[in-house]
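Shown next, in structure tokens, is the structure this report addresses.
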Amino acid sequence: MTQFLIDAHEDLAYNMLAFGRDYSTSAAAIRESEAGTGIPDLAGHTLLGWDDYQAGKVGVVFGTLFSAPKKYQHGQPDIVTYADTREAYRISRAQMDAYICLAEEHHDKFTLIFNIKDLHQVIDPWKARDDDAPAVGLPVGIVVSMESAEGLRQVEEVEEWWHSGVRLIGPVWAGTRFCGGTREQMPFTKEGFALLDRMAEMGFGLDVAHMSDLSIQTAIDRYPGTIICSHGNVRSIIKGVTGERQLTNLAIRRLAERDGVVGVVPFNNFLKADWTKNRNREEVTLDHLVAHIDAICQLTGSSNHAAIGTDFDGLFGFPDVPLEINTIADMQKLAPKLLEKGY
């Protein structure tokens with residue numbers, strides 16, 4: 001049986017529209033095509049590509065609909081930043097269309113997952129494949145996730161997005177009209193509670209990534225459906241960390257009580273708080289990421305709540321990742337390291 005991976009957070013559509021990345025090829029080919037083109041350093045060098053998915057046995061990824069308010073633009077291209085809700089909706093719709101086109105134009109490589117039947121059609125062949133068998137390309141399943149619900153012009157539009165294929169919603173990125181985020185502290189608003197209620201009626205999963213500490217606790221108390229943190233690390237083991245972007249021990253335990261998972265992020269600055277781009281790459285290794293997986297397991301008493309949410313290709317890329325990682329394929333290197341720790 002193949003040890004295939006599920007990645008709970010990848011910003012594919014953002015990069016396809018902002019930089020023209022063709023994920024049906026390889027990370028190496030994309031990097032070569034971008035050489036000398038002026039792709040901003042903020043985007044880094046891609047860590048993703050079809051060949052790398054296959055080499056890393058990546059069976060399922062959660063592809064985001066991501067946009068950012070212009071006040072937090074910080075070098076991001078205009079195509080993914082918005083001044084108002086109308087613009088946020090337009091960006092989210094364009095990114096949803098990008099996923100649909102990717103699956104239609106490369107149906108042998110990518111397929112959208114809308115339900116349990118779709119999920120099994122993707123993962124069953126991965127499960128059945130023998131690791132020693134000749135490599136045969138298997139489609140990568142994409143579950144579409146909305147990162148920040150500012151793409152909703154009104155709460156009732158969640159039904160439209162459900163029918164479009166979105167299955168997971170994170171209400172907040174920096175801080176929105178729905179609840180507090182990692183850059184703006186405030187409680188859940190009346191509209192935020194209405195969003196949770198409508199999401200639950202439709203059957204969405206709720207992503208608490210980027211929520212403030214208060215908002216996470218409120219969401220866990222309020223939301224009756226599936227809750228996860230798609231991408232976040234363990235705050236208590238990051239020396240010198242500030243802010244509320246990473247999860248508290250209490251939040252991790254409470255997510256586990258709700259049968260949720262935490263997707264650990266292999267971004268150097270999320271593993272070593274004083275890391276900068278000019279530092280020695282050898283300072284951060286996969287051992288740092290394994291420590292977060294281990295911490296989640298120790299806090300919850302089980303390995304069932306530790307997951308992977310790489311955040312590739314978010315606002316970082318190669319070489320802003322642990323020393324052993326060149327592309328997503330190298331996430332398979334976690335397996336022997338976890339075995340060494342007794343998992």
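Following the order of the structure tokens, first chain is A, next is B, and so on, with residues numbered from 1 inside each chain and ligands from 1 in the order they appear.
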| task | Please return as a PyMOL selection string: the residues of segment 18-142 of chain A that backbone DSSP assigns to strand (DSSP E). | result | chain A and resi 58-66+68-69+81-82+110-112+140-142
| query | Contacts of Lys277 of chain A at 9 Å or less, counting only C-alpha atoms, minus same-chain residues fewer than 4 places along, as number ranges by chain? | reply | A: 268-269, 281, 319-320
| Please, which residues of segment 145-342 of chain A, numbered as in this document, come out alpha helix (DSSP H) from DSSP, as a PyMOL selection string? | chain A and resi 158-164+190-202+213-222+249-257+268-271+286-300+334-340
Closest-contact table, segment 178-268 of chain A side, partner segment 148-152 of chain A, 10 Å, counting only C-alpha atoms, as a tab-separated table:
```
residue	atom	partner	partner_atom	distance
A:Phe178	CA	A:Ala149	CA	8.1
A:Gly181	CA	A:Ser148	CA	9.8
A:Gly192	CA	A:Ala149	CA	9.8
A:Leu195	CA	A:Ala149	CA	9.1
A:Asp207	CA	A:Ser148	CA	9.5
A:Ala209	CA	A:Ser148	CA	9.6
A:His210	CA	A:Ser148	CA	8.9
A:Met211	CA	A:Ser148	CA	10.0
```
Just want the 8 Å neighbourhood of Phe312 of chain A, counted on only C-alpha atoms, with same-chain residues fewer than 6 positions away dropped. Output as a PDB file with N, CA and C atoms, in the first residue's frame.
```pdb
ATOM      1  N   HIS A   9      -3.585  22.460   2.646  1.00  0.00           N
ATOM      2  CA  HIS A   9      -3.600  23.882   2.293  1.00  0.00           C
ATOM      3  C   HIS A   9      -2.541  24.206   1.242  1.00  0.00           C
ATOM      4  N   GLU A  10      -2.986  24.506   0.022  1.00  0.00           N
ATOM      5  CA  GLU A  10      -2.088  24.943  -1.043  1.00  0.00           C
ATOM      6  C   GLU A  10      -2.752  26.086  -1.811  1.00  0.00           C
ATOM      7  N   ASP A  11      -1.994  27.153  -2.041  1.00  0.00           N
ATOM      8  CA  ASP A  11      -2.523  28.340  -2.723  1.00  0.00           C
ATOM      9  C   ASP A  11      -2.312  28.257  -4.235  1.00  0.00           C
ATOM     10  N   LEU A  12      -2.917  27.267  -4.845  1.00  0.00           N
ATOM     11  CA  LEU A  12      -2.690  27.010  -6.269  1.00  0.00           C
ATOM     12  C   LEU A  12      -3.274  28.100  -7.167  1.00  0.00           C
ATOM     13  N   THR A  46       8.588  28.206  -6.728  1.00  0.00           N
ATOM     14  CA  THR A  46       7.535  27.217  -6.513  1.00  0.00           C
ATOM     15  C   THR A  46       8.069  25.930  -5.890  1.00  0.00           C
ATOM     16  N   LEU A  47       7.225  25.312  -5.105  1.00  0.00           N
ATOM     17  CA  LEU A  47       7.521  24.031  -4.469  1.00  0.00           C
ATOM     18  C   LEU A  47       6.609  22.938  -5.007  1.00  0.00           C
ATOM     19  N   LEU A  48       5.811  23.289  -6.026  1.00  0.00           N
ATOM     20  CA  LEU A  48       4.766  22.392  -6.502  1.00  0.00           C
ATOM     21  C   LEU A  48       4.852  22.146  -8.005  1.00  0.00           C
TER      22      LEU A  48
END
```
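Of the listed residues (A:Arg222, A:Lys272, A:Gln3, A:Ser164), A:Gln3 comes nearest to Arg129 of chain A; the distances count only C-alpha atoms.
Counting only C-alpha atoms and comparing A:Cys229, A:Leu338, A:Ile6, A:Val166, the residue that lies closest to Val122 of chain A is A:Ile6.
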| task | Find the spatial neighbours of Lys71 of chain A, counting only C-alpha atoms, within a cut-off of 9 Å - ignore same-chain residues fewer than 6 positions away - and output them as a list in words. | result | Thr81, Tyr82 and Ala83 of chain A
Selected residues written out with N, CA and C atoms, as a short mmCIF file (atom, residue, chain, number, x, y, z; two decimals), in the first residue's frame:
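Generated output (selection_31.cif):
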```
data_model
loop_
_atom_site.label_atom_id
_atom_site.label_comp_id
_atom_site.auth_asym_id
_atom_site.auth_seq_id
_atom_site.Cartn_x
_atom_site.Cartn_y
_atom_site.Cartn_z
N THR A 81 -5.70 41.20 -4.57
CA THR A 81 -6.03 42.10 -3.47
C THR A 81 -7.31 42.87 -3.78
N TYR A 82 -8.06 43.20 -2.74
CA TYR A 82 -9.35 43.83 -2.94
C TYR A 82 -9.51 45.07 -2.06
N ALA A 83 -10.31 45.98 -2.55
CA ALA A 83 -10.64 47.19 -1.80
C ALA A 83 -12.01 47.08 -1.15
#
```
For segment 213-217 of chain A, list every protein, DNA or RNA residue within 7 Å, evaluated using only C-alpha atoms, and leave out those in the same chain fewer than 5 positions away; present the list as a PDB file with N, CA, C and O atoms, in the first residue's frame.
```pdb
ATOM      1  N   CYS A 179     -15.057  37.919  12.089  1.00  0.00           N
ATOM      2  CA  CYS A 179     -14.449  37.598  13.378  1.00  0.00           C
ATOM      3  C   CYS A 179     -13.016  38.116  13.419  1.00  0.00           C
ATOM      4  O   CYS A 179     -12.496  38.607  12.423  1.00  0.00           O
ATOM      5  N   GLY A 180     -12.386  37.984  14.570  1.00  0.00           N
ATOM      6  CA  GLY A 180     -11.014  38.430  14.723  1.00  0.00           C
ATOM      7  C   GLY A 180     -10.032  37.485  14.065  1.00  0.00           C
ATOM      8  O   GLY A 180     -10.226  36.272  14.036  1.00  0.00           O
ATOM      9  N   PRO A 187     -14.136  40.213  18.511  1.00  0.00           N
ATOM     10  CA  PRO A 187     -14.937  38.997  18.674  1.00  0.00           C
ATOM     11  C   PRO A 187     -15.723  38.680  17.413  1.00  0.00           C
ATOM     12  O   PRO A 187     -15.734  39.458  16.455  1.00  0.00           O
ATOM     13  N   PHE A 188     -16.371  37.530  17.408  1.00  0.00           N
ATOM     14  CA  PHE A 188     -17.296  37.212  16.322  1.00  0.00           C
ATOM     15  C   PHE A 188     -18.398  38.276  16.282  1.00  0.00           C
ATOM     16  O   PHE A 188     -18.902  38.725  17.314  1.00  0.00           O
ATOM     17  N   VAL A 208     -10.293  27.003  11.182  1.00  0.00           N
ATOM     18  CA  VAL A 208     -10.002  28.056  12.163  1.00  0.00           C
ATOM     19  C   VAL A 208      -8.623  28.676  11.969  1.00  0.00           C
ATOM     20  O   VAL A 208      -8.220  29.534  12.757  1.00  0.00           O
ATOM     21  N   GLU A 244      -0.798  35.768  17.429  1.00  0.00           N
ATOM     22  CA  GLU A 244      -1.737  34.661  17.604  1.00  0.00           C
ATOM     23  C   GLU A 244      -1.888  33.805  16.348  1.00  0.00           C
ATOM     24  O   GLU A 244      -2.888  33.098  16.196  1.00  0.00           O
ATOM     25  N   ALA A 251      -6.247  25.356  22.303  1.00  0.00           N
ATOM     26  CA  ALA A 251      -6.943  25.241  21.020  1.00  0.00           C
ATOM     27  C   ALA A 251      -6.717  23.865  20.402  1.00  0.00           C
ATOM     28  O   ALA A 251      -7.651  23.263  19.844  1.00  0.00           O
TER      29      ALA A 251
END
```
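Distances from A:Ala291, A:Val155, A:Asp51, A:Phe19 to Gly38 of chain A were compared using only C-alpha atoms, and the smallest one belongs to A:Phe19.
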Contacts of Ser236 of chain A at 10 Å or less, counting only C-alpha atoms, minus same-chain residues fewer than 6 places along, as a compact mmCIF listing (two decimals) with all heavy atoms, in the first residue's frame?
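Now in around10.txt:
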```
# COMPACT_ATOMS: atom_id res chain seq x y z
N GLN A 246 -0.09 31.16 15.47
CA GLN A 246 0.06 29.74 15.79
C GLN A 246 -0.92 29.36 16.89
O GLN A 246 -1.46 30.21 17.60
CB GLN A 246 1.50 29.44 16.19
CG GLN A 246 2.56 30.01 15.27
CD GLN A 246 2.39 29.63 13.80
OE1 GLN A 246 1.86 28.57 13.48
NE2 GLN A 246 2.84 30.49 12.90
N LEU A 247 -1.14 28.06 17.06
CA LEU A 247 -2.19 27.58 17.96
C LEU A 247 -1.71 27.40 19.40
O LEU A 247 -0.59 26.92 19.63
CB LEU A 247 -2.74 26.25 17.45
CG LEU A 247 -3.45 26.26 16.10
CD1 LEU A 247 -3.95 24.87 15.76
CD2 LEU A 247 -4.59 27.25 16.08
N THR A 248 -2.58 27.74 20.34
CA THR A 248 -2.29 27.47 21.74
C THR A 248 -2.52 25.99 22.03
O THR A 248 -3.22 25.28 21.29
CB THR A 248 -3.20 28.29 22.66
OG1 THR A 248 -4.57 27.88 22.45
CG2 THR A 248 -3.06 29.79 22.36
N ASN A 249 -1.97 25.53 23.14
CA ASN A 249 -2.20 24.14 23.55
C ASN A 249 -3.69 23.89 23.79
O ASN A 249 -4.22 22.82 23.45
CB ASN A 249 -1.42 23.83 24.83
CG ASN A 249 0.08 23.78 24.58
OD1 ASN A 249 0.55 23.89 23.45
ND2 ASN A 249 0.84 23.62 25.65
N HIS A 292 6.75 19.54 15.95
CA HIS A 292 5.37 20.04 16.03
C HIS A 292 4.37 18.89 15.91
O HIS A 292 3.34 18.88 16.60
CB HIS A 292 5.13 21.10 14.96
CG HIS A 292 5.76 22.41 15.29
ND1 HIS A 292 5.08 23.43 15.91
CD2 HIS A 292 7.03 22.86 15.12
CE1 HIS A 292 5.90 24.46 16.10
NE2 HIS A 292 7.08 24.14 15.62
N ALA A 295 4.45 17.20 19.21
CA ALA A 295 3.78 18.00 20.25
C ALA A 295 2.27 17.85 20.16
O ALA A 295 1.59 17.73 21.19
CB ALA A 295 4.18 19.47 20.12
```
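Counting from atom CA of His106 of chain A, the distance to atom CA of Asp130 of chain A is 24.6 Å.
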